[in-house]
file target16.txt (compact mmCIF, C-alpha atoms)
# COMPACT_ATOMS: atom_id res chain seq x y z
CA MET T 213 0.00 0.00 0.00
CA GLU T 214 1.26 3.46 -0.88
CA LEU T 215 1.47 5.41 2.39
CA GLU T 216 2.46 8.87 1.19
CA ASN T 217 -0.27 11.45 1.95
CA ARG T 218 -2.60 8.68 3.14
CA LYS T 219 -4.61 9.62 6.23
CA VAL T 220 -3.66 7.11 8.93
CA LEU T 221 -5.05 6.78 12.45
CA VAL T 222 -2.62 5.21 14.95
CA VAL T 223 -4.48 3.93 18.02
CA GLY T 224 -2.49 3.69 21.27
CA THR T 225 0.27 5.96 22.55
CA GLY T 226 2.63 3.32 23.97
CA ILE T 227 5.95 2.23 22.49
CA SER T 228 4.28 0.45 19.53
CA GLY T 229 2.11 3.45 18.73
CA ILE T 230 5.07 5.83 18.84
CA GLY T 231 7.07 3.49 16.60
CA ALA T 232 4.21 3.29 14.12
CA VAL T 233 3.92 7.08 13.97
CA GLU T 234 7.64 7.50 13.27
CA ALA T 235 7.51 4.91 10.49
CA LEU T 236 4.43 6.48 8.92
CA GLN T 237 5.89 9.97 9.10
CA ALA T 238 9.04 8.77 7.39
CA LYS T 239 6.86 7.44 4.58
CA GLY T 240 5.00 10.72 4.24
CA ALA T 241 1.66 9.67 5.70
CA ASP T 242 -0.77 12.19 7.17
CA THR T 243 -0.80 10.73 10.69
CA CYS T 244 -3.08 11.18 13.68
CA LEU T 245 -2.09 9.57 17.01
CA TYR T 246 -5.14 8.71 19.09
CA ASP T 247 -5.82 7.33 22.58
CA ALA T 248 -9.23 7.03 24.24
CA ASN T 249 -7.68 7.83 27.63
CA ASP T 250 -8.25 11.57 28.06
CA LYS T 251 -6.22 11.56 31.30
CA LEU T 252 -2.95 11.22 29.37
CA ASP T 253 -0.66 14.23 29.03
CA GLU T 254 -0.38 15.42 25.42
CA LYS T 255 2.91 17.18 26.09
CA GLU T 256 4.46 13.98 27.43
CA ILE T 257 3.26 12.08 24.38
CA ARG T 258 4.60 14.68 21.95
CA ALA T 259 7.96 14.65 23.77
CA LYS T 260 8.39 11.01 22.63
CA LEU T 261 7.89 11.93 18.97
CA LYS T 262 10.67 13.08 16.68
CA SER T 263 8.14 14.71 14.37
CA GLN T 264 6.30 16.49 17.17
CA ASP T 265 4.71 19.33 15.23
CA ARG T 266 3.58 17.34 12.17
CA VAL T 267 1.45 14.80 14.05
CA LYS T 268 -2.07 15.45 15.28
CA VAL T 269 -2.59 14.02 18.79
CA VAL T 270 -6.15 13.34 19.96
CA LEU T 271 -7.15 12.11 23.42
CA GLY T 272 -10.61 11.08 24.61
CA ASN T 273 -13.33 11.07 21.96
CA LEU T 274 -12.26 10.96 18.32
CA PRO T 275 -13.98 13.79 16.40
CA GLN T 276 -16.27 12.59 13.61
CA GLU T 277 -14.59 14.84 11.06
CA ILE T 278 -11.28 13.01 11.66
CA ALA T 279 -12.82 9.51 11.74
CA GLU T 280 -14.60 10.07 8.41
CA LYS T 281 -11.33 10.85 6.60
CA VAL T 282 -9.29 7.90 7.94
CA GLU T 283 -7.96 5.60 5.18
CA LEU T 284 -5.94 3.19 7.32
CA VAL T 285 -6.01 2.28 11.04
CA VAL T 286 -2.89 1.00 12.83
CA LEU T 287 -3.68 -0.59 16.19
CA SER T 288 -1.25 -1.01 19.07
CA PRO T 289 -1.20 -4.62 20.39
CA GLY T 290 -3.04 -3.69 23.58
CA VAL T 291 -6.10 -2.47 21.66
CA PRO T 292 -8.72 -5.24 21.19
CA THR T 293 -9.80 -5.79 17.60
CA ASP T 294 -13.44 -6.63 18.38
CA THR T 295 -14.55 -3.32 19.90
CA GLU T 296 -17.31 -1.17 18.49
CA PHE T 297 -14.71 1.53 17.79
CA VAL T 298 -12.59 -0.75 15.59
CA GLU T 299 -15.64 -2.29 13.95
CA SER T 300 -16.84 1.17 12.92
CA PHE T 301 -13.81 1.41 10.61
CA ARG T 302 -13.81 -2.24 9.50
CA SER T 303 -17.48 -1.99 8.43
CA ARG T 304 -16.49 0.84 6.08
CA GLY T 305 -13.90 -1.37 4.39
CA ILE T 306 -10.94 0.43 6.00
CA ARG T 307 -7.89 -1.77 6.56
CA ILE T 308 -6.96 -2.52 10.15
CA TRP T 309 -3.22 -3.11 10.58
CA GLY T 310 -0.97 -3.69 13.56
CA GLU T 311 2.70 -2.87 14.15
CA ILE T 312 3.85 -6.13 12.52
CA GLU T 313 1.88 -5.58 9.33
CA LEU T 314 3.01 -1.95 9.01
CA ALA T 315 6.67 -2.85 9.56
CA PHE T 316 6.50 -5.71 7.05
CA GLU T 317 4.97 -3.36 4.48
CA ILE T 318 7.87 -0.90 4.71
CA GLY T 319 10.70 -3.30 5.59
CA LYS T 320 13.12 -5.26 3.39
CA GLY T 321 15.08 -8.49 3.70
CA LYS T 322 14.10 -11.84 5.19
CA VAL T 323 11.89 -12.21 8.27
CA ILE T 324 11.75 -14.94 10.91
CA GLY T 325 8.51 -14.89 12.93
CA ILE T 326 8.34 -16.69 16.28
CA THR T 327 5.20 -17.12 18.36
CA GLY T 328 3.74 -19.48 20.97
CA THR T 329 2.28 -19.23 24.44
CA ASN T 330 5.63 -19.83 26.14
CA GLY T 331 9.29 -19.76 25.18
CA LYS T 332 9.05 -16.94 22.63
CA THR T 333 11.55 -14.60 24.23
CA THR T 334 14.20 -17.25 24.91
CA THR T 335 13.89 -18.71 21.41
CA THR T 336 13.85 -15.31 19.73
CA SER T 337 16.91 -14.17 21.67
CA LEU T 338 18.81 -17.36 20.85
CA VAL T 339 17.88 -17.25 17.17
CA GLY T 340 18.89 -13.59 17.08
CA GLU T 341 22.34 -14.43 18.43
CA ILE T 342 22.75 -17.31 15.96
CA MET T 343 21.73 -15.09 13.04
CA ALA T 344 24.12 -12.34 14.20
CA ALA T 345 26.96 -14.86 14.28
CA TYR T 346 26.37 -15.71 10.61
CA TYR T 347 24.69 -12.74 8.91
CA LYS T 348 26.00 -9.17 8.85
CA ASP T 349 22.75 -7.24 9.36
CA VAL T 350 20.34 -8.67 11.96
CA ASP T 351 17.49 -7.03 13.88
CA VAL T 352 15.70 -8.66 16.84
CA VAL T 353 12.30 -7.02 17.22
CA GLY T 354 8.64 -7.26 18.21
CA ASN T 355 7.12 -8.39 21.47
CA ILE T 356 10.64 -8.72 22.89
CA GLY T 357 10.63 -4.94 23.46
CA ASN T 358 12.10 -3.37 20.32
CA PRO T 359 9.35 -2.11 17.95
CA TYR T 360 9.66 -3.69 14.50
CA THR T 361 8.56 -0.40 12.93
CA LEU T 362 11.67 1.42 14.17
CA THR T 363 14.11 -1.01 12.52
CA ALA T 364 12.10 -1.63 9.34
CA LEU T 365 12.91 1.83 8.00
CA ASP T 366 16.65 1.08 7.97
CA SER T 367 16.41 -2.49 6.70
CA THR T 368 17.96 -3.54 3.38
CA PRO T 369 17.54 -6.62 1.16
CA GLU T 370 20.40 -8.15 3.19
CA THR T 371 18.70 -7.66 6.57
CA VAL T 372 17.51 -10.63 8.60
CA THR T 373 14.76 -9.65 11.04
CA VAL T 374 13.96 -11.99 13.94
CA ALA T 375 10.54 -11.07 15.33
CA GLU T 376 8.88 -12.28 18.52
CA ILE T 377 5.17 -11.96 17.79
CA SER T 378 2.28 -12.15 20.25
CA SER T 379 -1.26 -13.33 19.56
CA PHE T 380 -2.38 -9.70 19.91
CA GLN T 381 -0.03 -8.67 17.12
CA LEU T 382 -1.11 -11.57 14.89
CA GLU T 383 -4.79 -10.60 15.01
CA THR T 384 -4.12 -7.91 12.40
CA VAL T 385 -1.96 -9.88 9.93
CA ASP T 386 -2.75 -9.09 6.29
CA LYS T 387 0.22 -9.61 3.95
CA PHE T 388 2.85 -10.52 6.58
CA ARG T 389 4.87 -13.45 5.27
CA PRO T 390 7.94 -14.71 7.17
CA GLU T 391 10.56 -16.81 5.43
CA VAL T 392 10.58 -19.07 8.50
CA SER T 393 7.87 -19.14 11.15
CA ALA T 394 7.60 -21.04 14.43
CA ILE T 395 4.72 -21.81 16.78
CA LEU T 396 6.40 -23.19 19.89
CA ASN T 397 3.23 -24.27 21.70
CA ILE T 398 -0.38 -23.21 22.28
CA THR T 399 -1.84 -23.48 25.78
CA PRO T 400 -4.62 -21.47 27.48
CA ASP T 401 -3.69 -17.79 27.89
CA HIS T 402 -5.17 -14.33 27.26
CA LEU T 403 -8.69 -15.78 27.20
CA ASN T 404 -9.92 -12.48 28.64
CA ARG T 405 -8.89 -11.01 25.25
CA HIS T 406 -9.54 -13.87 22.81
CA HIS T 407 -12.55 -15.35 24.70
CA THR T 408 -12.09 -18.93 23.41
CA MET T 409 -9.18 -21.29 22.82
CA GLU T 410 -10.27 -21.57 19.19
CA ASN T 411 -9.86 -17.81 18.72
CA TYR T 412 -6.52 -17.83 20.54
CA ALA T 413 -5.16 -20.75 18.50
CA ALA T 414 -6.38 -19.14 15.27
CA ALA T 415 -4.49 -15.94 16.14
CA LYS T 416 -1.27 -17.90 16.67
CA GLU T 417 -1.76 -19.90 13.47
CA ALA T 418 -2.13 -16.66 11.49
CA ILE T 419 1.67 -16.36 11.50
CA THR T 420 1.62 -18.84 8.58
CA LYS T 421 -1.35 -17.23 6.82
CA ASN T 422 0.61 -16.17 3.73
CA GLN T 423 3.34 -18.81 3.73
CA SER T 424 3.61 -21.39 0.95
CA ARG T 425 5.48 -24.71 0.73
CA GLU T 426 8.60 -22.72 -0.17
CA GLN T 427 8.64 -21.32 3.38
CA VAL T 428 9.15 -23.25 6.63
CA CYS T 429 7.07 -23.47 9.80
CA VAL T 430 8.68 -25.05 12.88
CA LEU T 431 6.14 -26.77 15.14
CA ASN T 432 6.05 -28.66 18.45
CA TYR T 433 4.96 -32.28 17.91
CA GLU T 434 4.12 -32.66 21.62
CA ASN T 435 1.51 -29.91 21.73
CA GLU T 436 -1.99 -31.00 20.70
CA TYR T 437 -2.81 -27.71 18.98
CA THR T 438 0.40 -27.34 16.99
CA ARG T 439 0.43 -31.02 16.02
CA ALA T 440 -3.13 -30.86 14.67
CA PHE T 441 -2.33 -27.62 12.87
CA GLY T 442 0.80 -29.03 11.26
CA GLU T 443 -0.86 -32.27 10.21
CA GLU T 444 -4.12 -30.80 8.93
CA ARG T 445 -3.91 -27.22 7.70
CA CYS T 446 -0.47 -25.56 7.78
CA SER T 447 0.35 -24.07 4.38
CA ALA T 448 4.13 -24.03 4.93
CA HIS T 449 6.61 -26.89 4.91
CA VAL T 450 6.54 -28.21 8.50
CA VAL T 451 9.65 -29.05 10.51
CA TRP T 452 8.83 -30.80 13.80
CA PHE T 453 10.60 -30.91 17.15
CA SER T 454 9.81 -33.23 20.06
CA SER T 455 11.01 -33.60 23.63
CA ALA T 456 9.17 -36.90 24.18
CA ARG T 457 9.64 -39.23 21.21
CA LYS T 458 11.88 -40.21 18.33
CA LEU T 459 10.80 -38.62 15.06
CA GLU T 460 11.21 -39.90 11.51
CA ASP T 461 11.85 -36.31 10.41
CA GLY T 462 12.74 -33.33 12.60
CA TYR T 463 14.60 -32.69 15.85
CA TYR T 464 14.01 -34.76 18.96
CA GLN T 465 15.32 -35.39 22.47
CA GLU T 466 16.16 -38.93 23.52
CA GLY T 467 17.51 -39.21 27.05
CA GLU T 468 20.09 -36.47 27.41
CA GLU T 469 20.80 -36.16 23.69
CA ILE T 470 19.32 -34.14 20.83
CA TYR T 471 19.12 -35.71 17.37
CA GLN T 472 18.19 -34.59 13.88
CA ALA T 473 16.21 -37.11 11.83
CA GLU T 474 15.70 -37.16 8.09
CA ASN T 475 13.80 -39.95 6.32
CA GLY T 476 14.17 -42.13 9.39
CA LYS T 477 17.94 -41.68 9.69
CA SER T 478 19.17 -39.89 12.83
CA VAL T 479 22.29 -37.81 13.36
CA HIS T 480 23.49 -36.77 16.84
CA VAL T 481 23.36 -33.00 17.41
CA MET T 482 24.36 -32.30 21.04
CA ASN T 483 24.07 -33.29 24.70
CA ILE T 484 21.57 -31.19 26.63
CA HIS T 485 24.14 -30.57 29.39
CA ASP T 486 26.36 -28.76 26.87
CA MET T 487 24.06 -25.74 27.16
CA ASN T 488 23.52 -23.33 30.04
CA LEU T 489 19.71 -23.51 29.99
CA VAL T 490 17.74 -25.81 32.30
CA GLY T 491 14.40 -27.62 32.00
CA THR T 492 12.55 -29.48 29.24
CA CYS T 493 10.99 -26.22 28.06
CA ASN T 494 14.44 -24.88 27.23
CA VAL T 495 15.46 -28.07 25.44
CA GLU T 496 12.40 -27.49 23.26
CA ASN T 497 13.37 -23.84 22.76
CA VAL T 498 16.87 -24.89 21.68
CA MET T 499 15.55 -27.51 19.24
CA ALA T 500 13.21 -24.92 17.76
CA ALA T 501 16.07 -22.44 17.42
CA ILE T 502 18.25 -25.04 15.71
CA ALA T 503 15.44 -25.93 13.29
CA ILE T 504 14.78 -22.26 12.48
CA SER T 505 18.47 -21.52 11.97
CA ARG T 506 19.06 -24.53 9.73
CA ALA T 507 16.05 -23.46 7.64
CA MET T 508 17.80 -20.09 7.27
CA GLY T 509 20.93 -21.79 5.97
CA VAL T 510 23.16 -21.43 9.03
CA PRO T 511 25.71 -24.29 9.34
CA MET T 512 25.13 -26.61 12.31
CA GLU T 513 28.63 -25.99 13.65
CA LYS T 514 27.96 -22.24 13.86
CA ILE T 515 24.56 -22.84 15.49
CA LEU T 516 25.93 -25.11 18.21
CA SER T 517 28.80 -22.78 19.08
CA VAL T 518 26.21 -20.08 19.92
CA VAL T 519 23.87 -22.48 21.73
CA ARG T 520 26.67 -23.65 24.05
CA GLN T 521 27.45 -20.08 25.12
CA PHE T 522 23.89 -18.77 25.36
CA LYS T 523 22.69 -17.70 28.83
CA ALA T 524 19.13 -17.76 30.14
CA VAL T 525 17.00 -14.77 29.22
CA GLU T 526 16.36 -12.41 32.12
CA HIS T 527 13.19 -13.28 34.08
CA ARG T 528 12.86 -16.78 32.56
CA ILE T 529 13.99 -19.45 35.07
CA GLU T 530 16.92 -17.12 35.72
CA PHE T 531 19.29 -18.11 38.52
CA VAL T 532 19.82 -15.00 40.64
CA ALA T 533 22.10 -16.01 43.53
CA THR T 534 22.64 -18.40 46.42
CA LYS T 535 22.13 -16.70 49.77
CA GLY T 536 22.37 -18.58 53.06
CA GLY T 537 22.50 -21.87 51.16
CA VAL T 538 19.20 -21.08 49.38
CA ASP T 539 19.06 -20.79 45.57
CA TYR T 540 16.90 -17.93 44.26
CA TYR T 541 15.30 -18.14 40.79
CA ASN T 542 13.50 -15.36 38.93
CA ASP T 543 10.81 -16.71 36.60
CA SER T 544 8.71 -13.55 36.50
CA LYS T 545 7.98 -14.24 32.83
CA GLY T 546 5.95 -17.24 33.98
CA THR T 547 2.80 -15.19 33.42
CA ASN T 548 0.43 -18.10 32.79
CA PRO T 549 0.01 -21.58 34.31
CA ASP T 550 1.72 -23.45 31.47
CA ALA T 551 4.80 -21.23 31.65
CA ALA T 552 4.87 -21.65 35.43
CA ILE T 553 4.68 -25.44 35.01
CA GLN T 554 7.99 -25.25 33.16
CA GLY T 555 9.45 -23.17 35.98
CA ILE T 556 8.59 -25.64 38.75
CA ARG T 557 9.65 -28.62 36.64
CA ALA T 558 13.09 -27.05 36.32
CA MET T 559 13.52 -27.06 40.12
CA SER T 560 15.42 -29.98 41.67
CA LYS T 561 15.25 -28.87 45.34
CA PRO T 562 12.46 -28.31 47.90
CA THR T 563 10.95 -25.03 46.69
CA VAL T 564 9.26 -22.04 48.28
CA LEU T 565 7.12 -20.62 45.49
CA ILE T 566 5.67 -17.13 44.96
CA GLY T 567 2.50 -17.21 42.83
CA GLY T 568 -0.48 -15.02 42.01
CA GLY T 569 -1.21 -11.73 40.30
CA TYR T 570 -3.65 -10.42 37.71
CA ASP T 571 -6.54 -12.69 36.73
CA LYS T 572 -6.51 -13.61 33.02
CA GLN T 573 -9.31 -16.14 33.62
CA SER T 574 -6.83 -19.00 33.79
CA GLU T 575 -7.29 -22.33 35.55
CA TYR T 576 -4.54 -23.52 37.89
CA ASP T 577 -5.13 -27.27 38.37
CA GLU T 578 -2.42 -28.49 35.98
CA TRP T 579 0.12 -26.07 37.42
CA ILE T 580 -0.52 -27.23 40.97
CA GLU T 581 -0.48 -30.88 39.91
CA ALA T 582 2.99 -30.21 38.47
CA PHE T 583 4.28 -29.28 41.94
CA ASP T 584 4.99 -33.00 42.38
CA ASN T 585 5.70 -32.59 46.13
CA LYS T 586 8.51 -30.10 45.39
CA VAL T 587 6.66 -27.06 46.79
CA LYS T 588 7.16 -26.92 50.56
CA CYS T 589 5.39 -23.55 50.84
CA LEU T 590 3.15 -21.66 48.42
CA VAL T 591 3.12 -17.89 48.99
CA LEU T 592 0.31 -16.11 47.13
CA ILE T 593 -0.26 -12.46 46.23
CA GLY T 594 -2.49 -10.33 44.03
CA GLN T 595 -5.96 -10.59 42.58
CA THR T 596 -5.83 -14.37 42.11
CA ARG T 597 -4.45 -15.40 45.50
CA ASP T 598 -7.74 -16.70 46.93
CA LYS T 599 -8.65 -18.51 43.71
CA ILE T 600 -5.25 -20.23 43.58
CA ALA T 601 -5.33 -21.03 47.30
CA GLU T 602 -8.69 -22.76 46.93
CA CYS T 603 -7.41 -24.76 43.97
CA ALA T 604 -4.18 -25.68 45.79
CA ARG T 605 -6.06 -26.94 48.86
CA LYS T 606 -8.22 -29.09 46.58
CA HIS T 607 -5.02 -30.72 45.34
CA GLY T 608 -3.67 -31.36 48.84
CA VAL T 609 -1.29 -28.41 49.21
CA LYS T 610 -1.35 -27.49 52.89
CA ASN T 611 1.34 -24.89 53.54
CA ILE T 612 -0.23 -21.85 51.86
CA ILE T 613 0.46 -18.29 53.03
CA LEU T 614 -1.29 -15.20 51.68
CA ALA T 615 0.62 -11.92 51.48
CA ASP T 616 -0.64 -8.39 50.90
CA THR T 617 2.50 -7.01 49.26
CA PHE T 618 5.32 -8.35 47.13
CA LYS T 619 7.87 -7.47 49.83
CA GLU T 620 5.85 -9.32 52.44
CA ALA T 621 5.73 -12.36 50.15
CA PHE T 622 9.49 -12.26 49.66
CA ASP T 623 10.15 -11.95 53.39
CA ILE T 624 7.91 -14.97 54.02
CA CYS T 625 9.95 -16.96 51.50
CA VAL T 626 13.18 -16.06 53.30
CA GLU T 627 11.65 -17.23 56.59
CA GLN T 628 10.36 -20.49 55.13
CA ALA T 629 13.46 -21.50 53.14
CA VAL T 630 16.42 -23.30 54.73
CA SER T 631 19.82 -24.20 53.36
CA GLY T 632 19.40 -26.65 50.50
CA ASP T 633 16.05 -25.17 49.39
CA ALA T 634 15.15 -22.98 46.43
CA VAL T 635 12.95 -19.86 46.29
CA LEU T 636 11.18 -19.45 42.97
CA LEU T 637 9.22 -16.46 41.68
CA SER T 638 6.98 -18.06 39.04
CA PRO T 639 3.56 -16.46 39.48
CA ALA T 640 1.43 -18.19 36.76
CA CYS T 641 -0.27 -14.79 36.41
CA ALA T 642 0.33 -11.45 34.75
CA SER T 643 1.88 -8.67 36.82
CA TRP T 644 -0.75 -5.99 36.10
CA GLY T 645 -2.39 -4.43 39.11
CA MET T 646 0.73 -4.64 41.29
CA PHE T 647 3.36 -3.89 38.62
CA PRO T 648 3.37 -2.26 35.16
CA ASN T 649 4.94 -5.41 33.65
CA TYR T 650 6.70 -8.66 34.51
CA GLU T 651 10.14 -7.05 34.06
CA VAL T 652 9.56 -4.66 36.97
CA ARG T 653 8.32 -7.56 39.10
CA GLY T 654 11.41 -9.62 38.29
CA LYS T 655 13.84 -6.77 38.85
CA MET T 656 12.30 -6.07 42.26
CA PHE T 657 12.70 -9.73 43.19
CA LYS T 658 16.36 -9.64 42.20
CA GLU T 659 16.91 -6.45 44.18
CA PHE T 660 15.45 -8.11 47.29
CA VAL T 661 17.78 -11.10 46.76
CA ASP T 662 20.80 -8.82 46.35
CA GLN T 663 20.02 -7.18 49.69
CA LEU T 664 20.20 -10.51 51.56
CA GLU T 665 23.35 -11.44 53.44
CA GLU T 666 25.49 -14.25 52.04
call {"tool": "encode", "arguments": {"input": "target16.txt", "output": "structure tokens"}}
result
Amino acid sequence: MELENRKVLVVGTGISGIGAVEALQAKGADTCLYDANDKLDEKEIRAKLKSQDRVKVVLGNLPQEIAEKVELVVLSPGVPTDTEFVESFRSRGIRIWGEIELAFEIGKGKVIGITGTNGKTTTTSLVGEIMAAYYKDVDVVGNIGNPYTLTALDSTPETVTVAEISSFQLETVDKFRPEVSAILNITPDHLNRHHTMENYAAAKEAITKNQSREQVCVLNYENEYTRAFGEERCSAHVVWFSSARKLEDGYYQEGEEIYQAENGKSVHVMNIHDMNLVGTCNVENVMAAIAISRAMGVPMEKILSVVRQFKAVEHRIEFVATKGGVDYYNDSKGTNPDAAIQGIRAMSKPTVLIGGGYDKQSEYDEWIEAFDNKVKCLVLIGQTRDKIAECARKHGVKNIILADTFKEAFDICVEQAVSGDAVLLSPACASWGMFPNYEVRGKMFKEFVDQLEE
């Protein structure tokens, strides 16, 4: 789509919205930045914009005279696509894009798109490092914190873009077409936004919407949603990975080894202890990263040299320190039950666990069943603490302590843990309500650990 002089409404004034405005301005679009929250400070918003004077900023109600002239709407990921406001434009035949679609429209080079309920950030970071070790011009963007729109402007035909993409961002896919895509897993999450698992899975699957058999999609054979998708309706060439069985084709874990299979013949790839990451979830992330990188033409030797040196992503089963004989782990990115299951499975010691937070309408039975007698004390905070406590008692967990603040929860953990134990922050819930995001929650946890005596 030609963007020059086109009247574009950017909805949402966060980092994605600002990035979209800058990209549109660079392409000569007539841009209006809009947010329904009239309590925001227009001066603060304009201060974030390079092109401050050329962008109209509207807060509160959108005037009809502006709405009637809009030719394209660009939504920030946090803006639901099924609202009456969005539908008012869609019903008029106006295209609804997101950050990913806009960036793909103006960007150049090859794109790798990675999604899934859990493991996206670790896999994206690892793939980014592998690509950077082989290609000269690599951008790591998207849900990982760096807006795709800000790097797309400077991309060239030689650029390799590695994008972590959320279900929110995939709701507005139109022409987006990655060279290699990956859906790491699909488990219940964000049902307050997507309403049903079918809608959520469909959003994830949209990453392959425009791929053909010439492109590759990497899928988890051990996830019921991704397996059904790959076997029944994926348009791309599927490359499987499995942590539970030997495959005829794809990458699989057998014991402590990873293998690559092709037409039933297996070749040894690496021992899982040759990497710094822990837990089955990370073995899966590594296999996915290897599959993606091989599909991008990176030699196996180069891939494995990066994998062996790669450290855990901050806030994802991240070892913080040992204080008083107690190991402290920050898994603040465990923002849903399935992610938190991976966190507790990675623990090998009696564990004092901090859980709870914002309610995304999740169920917690499978998470609590995964405790497997490892959790000696469950400390709960936030909006979901009573709901989780009730569920935990139903499953026989007896030592449950409710805390009013995050600091109180941490102090309880210190009291409960003895030498030889582990303290794990893996909440199974989003951070909203108590924290602006999971990063702030994780950093606070690490600060509390740092303040403890050795």
call {"tool": "atom_distance", "arguments": {"input": "target16.txt", "atom1": "CA of Pro511 in chain T", "atom2": "CA of Ser378 in chain T"}}
result
28.6 Å
call {"tool": "closest_residue", "arguments": {"input": "target16.txt", "among": "T:Asp461, T:Thr333, T:Val609, T:Lys588", "to": "Lys545 in chain T", "atoms": "only C-alpha atoms"}}
result
T:Thr333
call {"tool": "residues_around", "arguments": {"input": "target16.txt", "residues": "Thr327 in chain T", "least_positions_apart": "4", "cutoff": "12 Å", "atoms": "all atoms listed in the file", "output": "CSV table (one decimal) with C-alpha atoms, in the coordinates of the input"}}
result
chain,number,residue,atom,x,y,z
T,331,GLY,CA,9.3,-19.8,25.2
T,332,LYS,CA,9.0,-16.9,22.6
T,333,THR,CA,11.6,-14.6,24.2
T,334,THR,CA,14.2,-17.2,24.9
T,335,THR,CA,13.9,-18.7,21.4
T,336,THR,CA,13.8,-15.3,19.7
T,354,GLY,CA,8.6,-7.3,18.2
T,355,ASN,CA,7.1,-8.4,21.5
T,356,ILE,CA,10.6,-8.7,22.9
T,374,VAL,CA,14.0,-12.0,13.9
T,375,ALA,CA,10.5,-11.1,15.3
T,376,GLU,CA,8.9,-12.3,18.5
T,377,ILE,CA,5.2,-12.0,17.8
T,378,SER,CA,2.3,-12.2,20.2
T,379,SER,CA,-1.3,-13.3,19.6
T,380,PHE,CA,-2.4,-9.7,19.9
T,381,GLN,CA,0.0,-8.7,17.1
T,382,LEU,CA,-1.1,-11.6,14.9
T,390,PRO,CA,7.9,-14.7,7.2
T,392,VAL,CA,10.6,-19.1,8.5
T,393,SER,CA,7.9,-19.1,11.2
T,394,ALA,CA,7.6,-21.0,14.4
T,395,ILE,CA,4.7,-21.8,16.8
T,396,LEU,CA,6.4,-23.2,19.9
T,397,ASN,CA,3.2,-24.3,21.7
T,398,ILE,CA,-0.4,-23.2,22.3
T,412,TYR,CA,-6.5,-17.8,20.5
T,413,ALA,CA,-5.2,-20.8,18.5
T,415,ALA,CA,-4.5,-15.9,16.1
T,416,LYS,CA,-1.3,-17.9,16.7
T,417,GLU,CA,-1.8,-19.9,13.5
T,418,ALA,CA,-2.1,-16.7,11.5
T,419,ILE,CA,1.7,-16.4,11.5
T,420,THR,CA,1.6,-18.8,8.6
T,429,CYS,CA,7.1,-23.5,9.8
T,430,VAL,CA,8.7,-25.0,12.9
T,431,LEU,CA,6.1,-26.8,15.1
T,432,ASN,CA,6.0,-28.7,18.4
T,438,THR,CA,0.4,-27.3,17.0
T,497,ASN,CA,13.4,-23.8,22.8
T,500,ALA,CA,13.2,-24.9,17.8
call {"tool": "axis_aligned_box", "arguments": {"input": "target16.txt", "around": "range 361-373 of chain T", "padding_each_side": "3 Å", "output": "JSON"}}
result
{"center_x": 14.5, "center_y": -4.4, "center_z": 7.7, "size_x": 17.8, "size_y": 18.5, "size_z": 19.0}
call {"tool": "closest_residue", "arguments": {"input": "target16.txt", "among": "T:Leu637, T:Val538, T:Ala629, T:Val518", "to": "Gly654 in chain T", "atoms": "only C-alpha atoms"}}
result
T:Leu637
call {"tool": "residues_around", "arguments": {"input": "target16.txt", "residues": "Gly229 in chain T", "least_positions_apart": "3", "cutoff": "10 Å", "atoms": "all atoms listed in the file", "output": "PyMOL selection string"}}
result
chain T and resi 222-226+232-235+245-247+286-289+310-311+359+361
call {"tool": "residues_around", "arguments": {"input": "target16.txt", "residues": "Asp543 in chain T", "least_positions_apart": "4", "cutoff": "8 Å", "atoms": "all atoms listed in the file", "output": "JSON, numbers by chain"}}
result
{"T": [527, 528, 529, 530, 552, 555, 636, 637, 638, 639, 654]}
call {"tool": "atom_distance", "arguments": {"input": "target16.txt", "atom1": "CA of Leu362 in chain T", "atom2": "CA of Gly231 in chain T"}}
result
5.6 Å
call {"tool": "closest_residue", "arguments": {"input": "target16.txt", "among": "T:Met499, T:Ile324, T:Cys446, T:Val490", "to": "Gln465 in chain T", "atoms": "only C-alpha atoms"}}
result
T:Met499
